[in-house]
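Structure file protein_9.cif with mmCIF, C-alpha atoms:
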data_model
#
loop_
_atom_site.group_PDB
_atom_site.id
_atom_site.type_symbol
_atom_site.label_atom_id
_atom_site.label_comp_id
_atom_site.auth_asym_id
_atom_site.auth_seq_id
_atom_site.Cartn_x
_atom_site.Cartn_y
_atom_site.Cartn_z
ATOM 1 C CA MET A 1 -11.102 -8.788 28.560
ATOM 2 C CA ARG A 2 -8.226 -11.071 27.710
ATOM 3 C CA HIS A 3 -10.712 -13.720 26.644
ATOM 4 C CA ASP A 4 -12.561 -11.557 24.120
ATOM 5 C CA PRO A 5 -11.810 -13.218 20.755
ATOM 6 C CA ALA A 6 -11.764 -9.995 18.730
ATOM 7 C CA VAL A 7 -9.356 -8.276 21.141
ATOM 8 C CA ALA A 8 -7.199 -11.405 21.166
ATOM 9 C CA ALA A 9 -7.100 -11.474 17.344
ATOM 10 C CA THR A 10 -5.989 -7.860 17.050
ATOM 11 C CA ARG A 11 -3.349 -8.253 19.742
ATOM 12 C CA ALA A 12 -1.988 -11.443 18.196
ATOM 13 C CA ALA A 13 -1.682 -9.742 14.806
ATOM 14 C CA VAL A 14 0.226 -6.787 16.264
ATOM 15 C CA ARG A 15 2.368 -9.081 18.412
ATOM 16 C CA SER A 16 3.522 -10.920 15.306
ATOM 17 C CA SER A 17 4.531 -7.659 13.633
ATOM 18 C CA LEU A 18 6.692 -6.533 16.573
ATOM 19 C CA ARG A 19 8.959 -9.549 16.946
ATOM 20 C CA ASP A 20 11.953 -8.300 14.968
ATOM 21 C CA PHE A 21 12.369 -4.864 16.562
ATOM 22 C CA ALA A 22 15.281 -4.167 18.898
ATOM 23 C CA SER A 23 14.398 -3.434 22.492
ATOM 24 C CA GLY A 24 13.753 0.268 23.042
ATOM 25 C CA SER A 25 12.570 0.895 19.471
ATOM 26 C CA LEU A 26 9.647 3.237 18.946
ATOM 27 C CA VAL A 27 6.709 2.027 16.875
ATOM 28 C CA LEU A 28 3.891 4.366 15.815
ATOM 29 C CA ALA A 29 0.287 3.529 14.965
ATOM 30 C CA ALA A 30 -1.397 5.589 12.252
ATOM 31 C CA VAL A 31 -4.795 6.414 13.724
ATOM 32 C CA SER A 32 -7.680 8.020 11.866
ATOM 33 C CA GLY A 33 -10.227 7.405 14.602
ATOM 34 C CA GLY A 34 -12.058 4.632 12.747
ATOM 35 C CA ALA A 35 -12.547 1.174 14.211
ATOM 36 C CA ASP A 36 -9.595 -0.397 12.381
ATOM 37 C CA SER A 37 -7.038 2.157 13.515
ATOM 38 C CA LEU A 38 -8.418 2.456 17.071
ATOM 39 C CA ALA A 39 -8.203 -1.310 17.481
ATOM 40 C CA LEU A 40 -4.660 -1.115 16.120
ATOM 41 C CA ALA A 41 -3.694 1.621 18.578
ATOM 42 C CA ALA A 42 -5.139 -0.303 21.512
ATOM 43 C CA ALA A 43 -3.365 -3.512 20.491
ATOM 44 C CA LEU A 44 -0.057 -1.701 20.049
ATOM 45 C CA ALA A 45 -0.415 -0.011 23.451
ATOM 46 C CA HIS A 46 -0.967 -3.434 25.024
ATOM 47 C CA GLU A 47 1.717 -5.385 23.180
ATOM 48 C CA ALA A 48 4.638 -2.954 22.808
ATOM 49 C CA PRO A 49 5.641 -2.802 26.496
ATOM 50 C CA ARG A 50 5.639 -6.605 26.635
ATOM 51 C CA HIS A 51 8.296 -6.596 23.902
ATOM 52 C CA GLY A 52 10.400 -3.844 25.470
ATOM 53 C CA LEU A 53 9.233 -1.328 22.867
ATOM 54 C CA ASP A 54 7.937 2.226 23.029
ATOM 55 C CA ALA A 55 4.603 2.888 21.370
ATOM 56 C CA GLY A 56 3.220 6.122 19.968
ATOM 57 C CA ALA A 57 0.647 7.297 17.469
ATOM 58 C CA VAL A 58 0.139 9.806 14.692
ATOM 59 C CA THR A 59 -3.090 11.100 13.184
ATOM 60 C CA VAL A 60 -3.370 13.090 9.978
ATOM 61 C CA ASP A 61 -5.837 15.938 9.544
ATOM 62 C CA HIS A 62 -6.576 16.268 5.817
ATOM 63 C CA GLY A 63 -8.781 19.313 6.327
ATOM 64 C CA LEU A 64 -11.369 17.944 3.922
ATOM 65 C CA GLN A 65 -14.366 17.945 6.270
ATOM 66 C CA ALA A 66 -15.841 20.397 8.723
ATOM 67 C CA GLY A 67 -14.587 19.767 12.235
ATOM 68 C CA SER A 68 -11.579 17.743 11.108
ATOM 69 C CA ALA A 69 -9.229 19.596 13.463
ATOM 70 C CA ASP A 70 -11.477 18.810 16.446
ATOM 71 C CA ARG A 71 -11.619 15.148 15.446
ATOM 72 C CA ALA A 72 -7.834 15.027 15.181
ATOM 73 C CA GLN A 73 -7.556 16.374 18.721
ATOM 74 C CA ALA A 74 -10.093 13.804 19.908
ATOM 75 C CA VAL A 75 -7.935 11.065 18.359
ATOM 76 C CA VAL A 76 -4.884 12.490 20.127
ATOM 77 C CA ALA A 77 -6.766 12.411 23.444
ATOM 78 C CA THR A 78 -7.911 8.814 22.914
ATOM 79 C CA CYS A 79 -4.433 7.611 21.971
ATOM 80 C CA THR A 80 -2.949 9.387 24.977
ATOM 81 C CA SER A 81 -5.514 7.736 27.249
ATOM 82 C CA LEU A 82 -4.384 4.361 25.903
ATOM 83 C CA GLY A 83 -0.871 5.123 27.129
ATOM 84 C CA LEU A 84 0.700 5.894 23.773
ATOM 85 C CA ASP A 85 3.522 8.421 23.766
ATOM 86 C CA PRO A 86 4.433 10.382 21.710
ATOM 87 C CA VAL A 87 1.146 11.191 19.998
ATOM 88 C CA ARG A 88 1.293 13.605 17.067
ATOM 89 C CA SER A 89 -1.288 15.319 14.904
ATOM 90 C CA GLU A 90 -0.131 16.250 11.408
ATOM 91 C CA THR A 91 -2.066 18.720 9.233
ATOM 92 C CA VAL A 92 -1.678 18.359 5.477
ATOM 93 C CA ALA A 93 -2.794 20.209 2.366
ATOM 94 C CA VAL A 94 -4.500 17.881 -0.118
ATOM 95 C CA ARG A 95 -3.578 18.847 -3.647
ATOM 96 C CA GLY A 96 -2.025 17.260 -6.686
ATOM 97 C CA PRO A 97 -2.847 14.855 -9.511
ATOM 98 C CA GLY A 98 -5.038 11.773 -9.466
ATOM 99 C CA GLY A 99 -8.175 13.186 -7.875
ATOM 100 C CA PRO A 100 -8.947 13.820 -4.186
ATOM 101 C CA GLU A 101 -8.510 10.206 -3.061
ATOM 102 C CA ALA A 102 -5.060 9.875 -4.591
ATOM 103 C CA ALA A 103 -3.979 13.332 -3.453
ATOM 104 C CA ALA A 104 -5.137 12.653 0.117
ATOM 105 C CA ARG A 105 -3.290 9.344 0.150
ATOM 106 C CA THR A 106 -0.080 10.955 -1.094
ATOM 107 C CA ALA A 107 -0.293 13.706 1.519
ATOM 108 C CA ARG A 108 -1.113 11.239 4.292
ATOM 109 C CA TYR A 109 1.800 8.911 3.599
ATOM 110 C CA ALA A 110 4.200 11.844 3.340
ATOM 111 C CA ALA A 111 3.012 13.086 6.746
ATOM 112 C CA LEU A 112 3.422 9.628 8.274
ATOM 113 C CA GLU A 113 6.950 9.377 6.864
ATOM 114 C CA THR A 114 7.756 12.777 8.338
ATOM 115 C CA ALA A 115 6.385 11.789 11.744
ATOM 116 C CA ALA A 116 8.466 8.612 11.729
ATOM 117 C CA ALA A 117 11.616 10.532 10.796
ATOM 118 C CA ASP A 118 11.010 13.271 13.382
ATOM 119 C CA THR A 119 10.413 10.815 16.221
ATOM 120 C CA GLY A 120 13.014 8.257 15.169
ATOM 121 C CA ALA A 121 10.333 5.573 14.901
ATOM 122 C CA ALA A 122 11.381 2.196 13.556
ATOM 123 C CA ALA A 123 8.024 1.678 11.836
ATOM 124 C CA VAL A 124 4.497 2.986 11.365
ATOM 125 C CA LEU A 125 1.689 0.448 11.677
ATOM 126 C CA LEU A 126 -1.330 0.838 9.378
ATOM 127 C CA GLY A 127 -4.793 -0.526 10.109
ATOM 128 C CA HIS A 128 -5.672 -2.011 6.717
ATOM 129 C CA THR A 129 -7.714 -5.182 7.150
ATOM 130 C CA LEU A 130 -8.418 -8.261 5.046
ATOM 131 C CA ASP A 131 -11.533 -6.469 3.804
ATOM 132 C CA ASP A 132 -9.460 -3.490 2.653
ATOM 133 C CA GLN A 133 -7.173 -5.887 0.820
ATOM 134 C CA ALA A 134 -10.109 -7.529 -0.939
ATOM 135 C CA GLU A 135 -11.468 -4.135 -2.000
ATOM 136 C CA THR A 136 -8.058 -3.117 -3.321
ATOM 137 C CA VAL A 137 -7.742 -6.281 -5.420
ATOM 138 C CA LEU A 138 -11.249 -5.879 -6.848
ATOM 139 C CA LEU A 139 -10.646 -2.222 -7.742
ATOM 140 C CA ARG A 140 -7.388 -3.039 -9.493
ATOM 141 C CA LEU A 141 -8.943 -6.029 -11.267
ATOM 142 C CA ALA A 142 -11.584 -3.703 -12.706
ATOM 143 C CA ARG A 143 -8.804 -1.480 -14.065
ATOM 144 C CA GLY A 144 -7.102 -4.342 -15.892
ATOM 145 C CA SER A 145 -4.021 -4.420 -13.684
ATOM 146 C CA GLY A 146 -1.138 -6.882 -13.813
ATOM 147 C CA ALA A 147 0.084 -9.365 -11.230
ATOM 148 C CA ARG A 148 2.108 -6.871 -9.196
ATOM 149 C CA SER A 149 -0.847 -4.538 -8.820
ATOM 150 C CA LEU A 150 -3.269 -7.388 -8.107
ATOM 151 C CA ALA A 151 -0.926 -8.578 -5.366
ATOM 152 C CA GLY A 152 -2.568 -5.881 -3.281
ATOM 153 C CA MET A 153 -1.049 -4.130 -0.295
ATOM 154 C CA PRO A 154 2.138 -5.661 1.124
ATOM 155 C CA ALA A 155 2.375 -6.534 4.801
ATOM 156 C CA ARG A 156 5.641 -4.596 4.890
ATOM 157 C CA ASN A 157 6.778 -1.733 2.710
ATOM 158 C CA GLY A 158 9.699 0.304 3.964
ATOM 159 C CA THR A 159 8.619 2.241 7.051
ATOM 160 C CA PHE A 160 5.095 0.854 6.937
ATOM 161 C CA ARG A 161 3.658 -2.402 8.268
ATOM 162 C CA ARG A 162 0.126 -3.747 8.015
ATOM 163 C CA PRO A 163 -0.443 -6.287 10.794
ATOM 164 C CA PHE A 164 -4.215 -6.560 10.208
ATOM 165 C CA LEU A 165 -4.217 -7.990 6.672
ATOM 166 C CA GLN A 166 -5.577 -11.279 8.057
ATOM 167 C CA VAL A 167 -8.005 -9.548 10.441
ATOM 168 C CA ARG A 168 -11.606 -8.847 9.402
ATOM 169 C CA ARG A 169 -13.234 -5.434 9.688
ATOM 170 C CA GLU A 170 -15.948 -6.909 11.880
ATOM 171 C CA GLN A 171 -13.244 -8.044 14.321
ATOM 172 C CA THR A 172 -11.792 -4.562 14.709
ATOM 173 C CA ALA A 173 -15.270 -3.162 15.375
ATOM 174 C CA ALA A 174 -15.902 -5.888 17.946
ATOM 175 C CA ALA A 175 -12.543 -5.222 19.594
ATOM 176 C CA CYS A 176 -13.383 -1.519 19.959
ATOM 177 C CA ALA A 177 -16.760 -2.386 21.496
ATOM 178 C CA ALA A 178 -15.136 -4.780 23.958
ATOM 179 C CA LEU A 179 -12.554 -2.163 24.948
ATOM 180 C CA GLY A 180 -15.083 0.640 25.308
ATOM 181 C CA LEU A 181 -13.653 2.633 22.414
ATOM 182 C CA THR A 182 -15.998 4.706 20.239
ATOM 183 C CA PRO A 183 -14.841 4.819 16.614
ATOM 184 C CA TRP A 184 -15.522 7.709 14.285
ATOM 185 C CA ALA A 185 -17.575 6.802 11.208
ATOM 186 C CA ASP A 186 -15.991 8.616 8.266
ATOM 187 C CA PRO A 187 -18.829 9.642 5.895
ATOM 188 C CA HIS A 188 -16.445 9.217 2.949
ATOM 189 C CA ASN A 189 -16.538 5.470 3.601
ATOM 190 C CA THR A 190 -20.190 5.331 2.540
ATOM 191 C CA ASP A 191 -20.171 8.129 -0.041
ATOM 192 C CA PRO A 192 -20.976 6.600 -3.471
ATOM 193 C CA ALA A 193 -18.898 9.322 -5.121
ATOM 194 C CA TYR A 194 -15.845 7.253 -4.178
ATOM 195 C CA ALA A 195 -15.085 4.034 -6.056
ATOM 196 C CA ARG A 196 -13.919 2.211 -2.936
ATOM 197 C CA SER A 197 -17.167 3.064 -1.177
ATOM 198 C CA ARG A 198 -19.143 1.567 -4.058
ATOM 199 C CA VAL A 199 -17.030 -1.587 -3.944
ATOM 200 C CA ARG A 200 -17.525 -1.826 -0.183
ATOM 201 C CA GLY A 201 -21.230 -1.117 -0.143
ATOM 202 C CA ASP A 202 -22.387 -2.604 -3.448
ATOM 203 C CA ALA A 203 -19.906 -4.745 -5.389
ATOM 204 C CA LEU A 204 -18.584 -7.050 -2.672
ATOM 205 C CA PRO A 205 -22.014 -7.669 -1.101
ATOM 206 C CA ALA A 206 -23.390 -8.455 -4.584
ATOM 207 C CA LEU A 207 -20.592 -10.963 -5.158
ATOM 208 C CA GLU A 208 -21.297 -12.549 -1.780
ATOM 209 C CA ARG A 209 -24.978 -12.906 -2.672
ATOM 210 C CA THR A 210 -24.241 -14.285 -6.127
ATOM 211 C CA LEU A 211 -21.262 -16.551 -5.501
ATOM 212 C CA GLY A 212 -21.611 -17.305 -1.817
ATOM 213 C CA PRO A 213 -19.711 -16.243 1.290
ATOM 214 C CA GLY A 214 -15.949 -16.017 1.505
ATOM 215 C CA ILE A 215 -15.325 -13.684 -1.452
ATOM 216 C CA ALA A 216 -13.275 -11.202 0.575
ATOM 217 C CA ALA A 217 -11.053 -13.936 1.978
ATOM 218 C CA ALA A 218 -10.633 -15.468 -1.478
ATOM 219 C CA LEU A 219 -9.595 -12.135 -3.001
ATOM 220 C CA ALA A 220 -7.090 -11.565 -0.201
ATOM 221 C CA ARG A 221 -5.732 -15.081 -0.689
ATOM 222 C CA THR A 222 -5.372 -14.416 -4.418
ATOM 223 C CA ALA A 223 -3.373 -11.289 -3.608
ATOM 224 C CA GLY A 224 -0.960 -13.333 -1.508
ATOM 225 C CA LEU A 225 -0.455 -15.913 -4.246
ATOM 226 C CA LEU A 226 0.118 -13.248 -6.891
ATOM 227 C CA ARG A 227 2.572 -11.454 -4.628
ATOM 228 C CA ASP A 228 4.733 -14.585 -4.482
ATOM 229 C CA ASP A 229 4.626 -14.861 -8.295
ATOM 230 C CA ALA A 230 5.340 -11.167 -8.807
ATOM 231 C CA ASP A 231 8.263 -11.274 -6.372
ATOM 232 C CA ALA A 232 9.800 -14.210 -8.250
ATOM 233 C CA LEU A 233 9.402 -12.491 -11.629
ATOM 234 C CA ASP A 234 10.788 -9.210 -10.298
ATOM 235 C CA ASP A 235 13.827 -11.036 -8.906
ATOM 236 C CA ALA A 236 14.393 -12.717 -12.272
ATOM 237 C CA ALA A 237 14.069 -9.388 -14.079
ATOM 238 C CA ALA A 238 16.532 -7.679 -11.727
ATOM 239 C CA LYS A 239 19.135 -10.344 -12.419
ATOM 240 C CA THR A 240 18.458 -10.307 -16.166
ATOM 241 C CA LEU A 241 18.704 -6.532 -16.478
ATOM 242 C CA ALA A 242 22.436 -6.671 -15.868
ATOM 243 C CA ASP A 243 22.847 -9.435 -18.457
ATOM 244 C CA VAL A 244 21.214 -7.450 -21.272
ATOM 245 C CA THR A 245 22.751 -4.062 -20.412
ATOM 246 C CA THR A 246 25.453 -3.026 -22.863
ATOM 247 C CA THR A 247 28.721 -1.334 -21.936
ATOM 248 C CA ASP A 248 27.337 2.092 -22.865
ATOM 249 C CA GLY A 249 24.229 1.659 -20.705
ATOM 250 C CA GLY A 250 21.795 0.601 -23.436
ATOM 251 C CA LEU A 251 19.854 -2.650 -23.648
ATOM 252 C CA ASP A 252 20.696 -5.395 -26.126
ATOM 253 C CA VAL A 253 17.605 -5.948 -28.279
ATOM 254 C CA ALA A 254 18.484 -9.532 -29.194
ATOM 255 C CA GLY A 255 18.923 -10.411 -25.559
ATOM 256 C CA LEU A 256 15.602 -8.776 -24.689
ATOM 257 C CA ALA A 257 13.773 -10.563 -27.492
ATOM 258 C CA ALA A 258 14.936 -13.938 -26.164
ATOM 259 C CA LEU A 259 13.329 -13.363 -22.768
ATOM 260 C CA ALA A 260 9.917 -14.602 -21.679
ATOM 261 C CA PRO A 261 7.409 -11.742 -22.062
ATOM 262 C CA ALA A 262 6.681 -11.543 -18.306
ATOM 263 C CA VAL A 263 10.382 -11.079 -17.578
ATOM 264 C CA ARG A 264 11.092 -8.816 -20.565
ATOM 265 C CA THR A 265 8.384 -6.292 -19.688
ATOM 266 C CA ARG A 266 9.667 -6.121 -16.128
ATOM 267 C CA VAL A 267 13.217 -5.555 -17.402
ATOM 268 C CA LEU A 268 11.954 -2.739 -19.644
ATOM 269 C CA ARG A 269 10.031 -1.135 -16.800
ATOM 270 C CA ALA A 270 12.997 -1.370 -14.436
ATOM 271 C CA ALA A 271 15.318 0.133 -17.065
ATOM 272 C CA ALA A 272 12.944 3.033 -17.733
ATOM 273 C CA VAL A 273 12.574 3.770 -14.016
ATOM 274 C CA ALA A 274 16.357 3.621 -13.575
ATOM 275 C CA ALA A 275 16.700 6.094 -16.449
ATOM 276 C CA GLY A 276 14.419 8.579 -14.692
ATOM 277 C CA SER A 277 10.800 7.783 -15.565
ATOM 278 C CA PRO A 278 8.591 8.154 -12.426
ATOM 279 C CA PRO A 279 7.338 4.679 -11.436
ATOM 280 C CA GLY A 280 3.940 6.015 -10.371
ATOM 281 C CA SER A 281 3.339 7.467 -13.828
ATOM 282 C CA LEU A 282 4.926 4.723 -15.926
ATOM 283 C CA GLY A 283 1.970 2.612 -17.017
ATOM 284 C CA ALA A 284 1.408 -0.596 -18.938
ATOM 285 C CA VAL A 285 0.836 1.369 -22.158
ATOM 286 C CA HIS A 286 4.333 2.867 -21.910
ATOM 287 C CA VAL A 287 5.964 -0.499 -21.257
ATOM 288 C CA ALA A 288 4.014 -1.990 -24.178
ATOM 289 C CA ALA A 289 5.376 0.746 -26.448
ATOM 290 C CA LEU A 290 8.922 -0.087 -25.348
ATOM 291 C CA ASP A 291 8.236 -3.790 -25.879
ATOM 292 C CA ALA A 292 7.075 -3.020 -29.426
ATOM 293 C CA LEU A 293 10.520 -1.551 -30.122
ATOM 294 C CA VAL A 294 11.898 -4.999 -29.289
ATOM 295 C CA THR A 295 9.326 -7.449 -30.631
ATOM 296 C CA GLY A 296 7.411 -5.412 -33.223
ATOM 297 C CA TRP A 297 10.185 -3.397 -34.799
ATOM 298 C CA HIS A 298 9.392 -1.928 -38.217
ATOM 299 C CA GLY A 299 11.503 1.194 -38.115
ATOM 300 C CA GLN A 300 9.227 3.213 -35.831
ATOM 301 C CA GLY A 301 10.594 6.260 -34.084
ATOM 302 C CA PRO A 302 11.155 6.948 -30.390
ATOM 303 C CA THR A 303 8.431 6.431 -27.794
ATOM 304 C CA SER A 304 7.737 9.101 -25.187
ATOM 305 C CA LEU A 305 7.709 8.128 -21.517
ATOM 306 C CA PRO A 306 6.662 9.965 -18.346
ATOM 307 C CA GLY A 307 9.266 12.276 -16.881
ATOM 308 C CA GLY A 308 10.337 13.711 -20.220
ATOM 309 C CA LEU A 309 12.129 10.497 -21.138
ATOM 310 C CA VAL A 310 12.362 8.991 -24.608
ATOM 311 C CA GLY A 311 13.088 5.365 -25.449
ATOM 312 C CA GLU A 312 14.408 4.510 -28.902
ATOM 313 C CA ARG A 313 15.958 1.647 -30.834
ATOM 314 C CA ARG A 314 19.189 2.235 -32.721
ATOM 315 C CA TYR A 315 21.751 -0.266 -34.052
ATOM 316 C CA GLY A 316 20.328 -3.201 -32.130
ATOM 317 C CA ARG A 317 20.176 -1.362 -28.830
ATOM 318 C CA LEU A 318 17.378 0.179 -26.819
ATOM 319 C CA THR A 319 18.435 3.448 -25.220
ATOM 320 C CA PHE A 320 16.849 6.126 -23.052
ATOM 321 C CA ARG A 321 17.458 9.854 -23.242
#
What does the file become when written as structure tokens?
Amino acid sequence: MRHDPAVAATRAAVRSSLRDFASGSLVLAAVSGGADSLALAAALAHEAPRHGLDAGAVTVDHGLQAGSADRAQAVVATCTSLGLDPVRSETVAVRGPGGPEAAARTARYAALETAAADTGAAAVLLGHTLDDQAETVLLRLARGSGARSLAGMPARNGTFRRPFLQVRREQTAAACAALGLTPWADPHNTDPAYARSRVRGDALPALERTLGPGIAAALARTAGLLRDDADALDDAAAKTLADVTTTDGGLDVAGLAALAPAVRTRVLRAAAVAAGSPPGSLGAVHVAALDALVTGWHGQGPTSLPGGLVGERRYGRLTFR
């Protein structure tokens, strides 16, 4: 088994993600029952003890399909058989804005955060693969997103880590086969009602046929390059924000106007978020309206922002209220 290349690839990826944890730390795997997350759970169960770590798992029952509770219990049983402990099943109610996909994602991440807090886990590992990253970039490209959004999913984000971002989906499936694990095939993954399913089943294969193989890897590589650029611009904006902030908490319009557009728009976004506008709702159109108060000023009135916030220009300053 140790010589199976797919198993070796998944274990090496998880091993790399565990190196900075203190001995005795608990790390959880988020397990849906699909091939990616089962391979992740198996790799974590193998690698964690070798690093002096405890390993557990958590599965989330969204209640969106018949038999979901039974599948959650089956995942718990599989994770327990792998030697993971603790293993938790969290049931969530999927509701809220953004459609079912967005609402399910919000509920899932909240449940994972809760599981980590309740168990004292140092991190939760997610099974997103290189293929998932490529799909994410393509979806966001179609929506006209900026560099930060096109940078895709980060390998680390607070409690969450994604060790499989350089691992292919076919490798996780092969690892499960080699280990005798039977993944659950989520019908949502092939349902054309979902945009990601259409990208997975239609768009990416069409690009491969038209442009040649390697599209998924190229999109993932693009995400990495854009992440480096976005990080640098965000750092510059964070430093600049203090320079253009006035003593009463406003922003100096002349100072803003002198900035490069890529930095200025990030400063405006950061200032709006700091003033209370929800970052998930603050879109490019809102930032563009704020930028127009700086670069296209002709006496226009305040601009409305998410969260009940208003941005306005008065006496050479941009303020939020």
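Atom CA of A:Ala42 is found 13.0 Å from atom CA of A:Ala77.
Coordinates place atom CA of A:Ala217 at a distance of 9.0 Å from atom CA of A:Gln133.
The nearest approach to A:Leu226 among the residues A:Ala8, A:Val137, A:Leu28, A:Leu84, with all atoms listed in the file taken into account, belongs to A:Val137.
With all atoms listed in the file as the atoms that count, the residue of A:Leu165, A:Leu225, A:Arg15, A:Gly144 with the shortest distance to A:Val285 is A:Gly144.
Take atom CA of A:Gly299 and atom CA of A:Arg314: the distance between them is 9.4 Å.
Residues in contact with stretch 193-201 of chain A at up to 12 Å, not including ones fewer than 5 positions away on its chain and judged by all atoms listed in the file, are Gly99, Pro100, Glu101, Ala102, Asp131, Asp132, Gln133, Ala134, Glu135, Thr136, Val137, Leu138, Leu139, Arg140, Leu141, Ala142, Arg143, Arg169, Asp186, Pro187, His188, Ala206, Leu207, Glu208 and Ala216 of chain A.
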I'd like the residues picked by the PyMOL selection byres ((chain A and resi 160) around 9) written out as a short mmCIF file (atom, residue, chain, number, x, y, z; two decimals) with C-alpha atoms, keeping the file's coordinate frame, using the chain letters and numbers from the file.
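Result file is expr_30.cif:
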data_model
loop_
_atom_site.label_atom_id
_atom_site.label_comp_id
_atom_site.auth_asym_id
_atom_site.auth_seq_id
_atom_site.Cartn_x
_atom_site.Cartn_y
_atom_site.Cartn_z
CA GLU A 113 6.95 9.38 6.86
CA ALA A 123 8.02 1.68 11.84
CA VAL A 124 4.50 2.99 11.36
CA LEU A 125 1.69 0.45 11.68
CA LEU A 126 -1.33 0.84 9.38
CA ALA A 155 2.38 -6.53 4.80
CA ARG A 156 5.64 -4.60 4.89
CA ASN A 157 6.78 -1.73 2.71
CA GLY A 158 9.70 0.30 3.96
CA THR A 159 8.62 2.24 7.05
CA ARG A 161 3.66 -2.40 8.27
CA ARG A 162 0.13 -3.75 8.02
#
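Across the chains present, the PyMOL selection byres ((chain A and resi 293) around 10) applied to this file returns Val253, Ala257, Ala288, Ala289, Leu290, Asp291, Ala292, Val294, Thr295, Gly296, Trp297, His298, Gly299, Gln300, Gly301, Pro302, Thr303, Gly311, Glu312, Arg313, Arg314, Arg317 and Leu318 of chain A.
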Which of these residues is nearest to A:Phe21, using only C-alpha atoms: A:Ala175, A:Ala260, A:Leu53, A:Leu38?
-> A:Leu53
So that all listed atoms of stretch 42-61 of chain A fit with 8 Å spare on each side, what axis-aligned box centre and edge lengths in Å, to one decimal, would you give as JSON?
{"center_x": 2.3, "center_y": 4.7, "center_z": 18.1, "size_x": 32.2, "size_y": 38.5, "size_z": 33.1}
Closest of A:Ala117, A:Val60, A:Arg95, A:Leu179 to A:Ala43 - atom-to-atom distances counting all atoms listed in the file = A:Leu179
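Considering the residues A:Ser23, A:Gly34, A:Gly316, A:Ala272 and counting only C-alpha atoms, A:Ser304 has its shortest atom-to-atom contact with A:Ala272.
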Starting from the shown file, work through the PyMOL selection byres ((chain A and resi 241) around 9) and note down what comes out as JSON, numbers by chain.
-> {"A": [236, 237, 238, 239, 240, 242, 243, 244, 245, 251, 264, 267, 268, 270, 271]}
Of the residues A:Thr222, A:Thr265, A:Thr210, A:Ser25, which is the one nearest to A:Leu130, using only C-alpha atoms?
-> A:Thr222
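Residues within 10 Å of A:Ala110, counting only C-alpha atoms and excluding same-chain residues fewer than 6 positions away, are A:Val92, A:Ala104, A:Ala116.
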File dump, residues just selected, C-alpha atoms, as a PDB file, keeping the file's coordinate frame:
ATOM      1  CA  VAL A  92      -1.678  18.359   5.477  1.00  0.00           C
ATOM      2  CA  ALA A 104      -5.137  12.653   0.117  1.00  0.00           C
ATOM      3  CA  ALA A 116       8.466   8.612  11.729  1.00  0.00           C
TER       4      ALA A 116
END
List the neighbours of A:Arg50 out to 12 Å using only C-alpha atoms; skip same-chain residues closer than 4 positions along the sequence, and give me the result as a list of chain:residue names.
-> A:Arg11, A:Val14, A:Arg15, A:Leu18, A:Arg19, A:Ser23, A:Gly24, A:Ala43, A:Leu44, A:Ala45, A:His46, A:Asp54, A:Ala55
Those residues with C-alpha atoms, as a short mmCIF file (atom, residue, chain, number, x, y, z; two decimals), in the frame of the given file please?
data_model
loop_
_atom_site.label_atom_id
_atom_site.label_comp_id
_atom_site.auth_asym_id
_atom_site.auth_seq_id
_atom_site.Cartn_x
_atom_site.Cartn_y
_atom_site.Cartn_z
CA ARG A 11 -3.35 -8.25 19.74
CA VAL A 14 0.23 -6.79 16.26
CA ARG A 15 2.37 -9.08 18.41
CA LEU A 18 6.69 -6.53 16.57
CA ARG A 19 8.96 -9.55 16.95
CA SER A 23 14.40 -3.43 22.49
CA GLY A 24 13.75 0.27 23.04
CA ALA A 43 -3.36 -3.51 20.49
CA LEU A 44 -0.06 -1.70 20.05
CA ALA A 45 -0.42 -0.01 23.45
CA HIS A 46 -0.97 -3.43 25.02
CA ASP A 54 7.94 2.23 23.03
CA ALA A 55 4.60 2.89 21.37
#
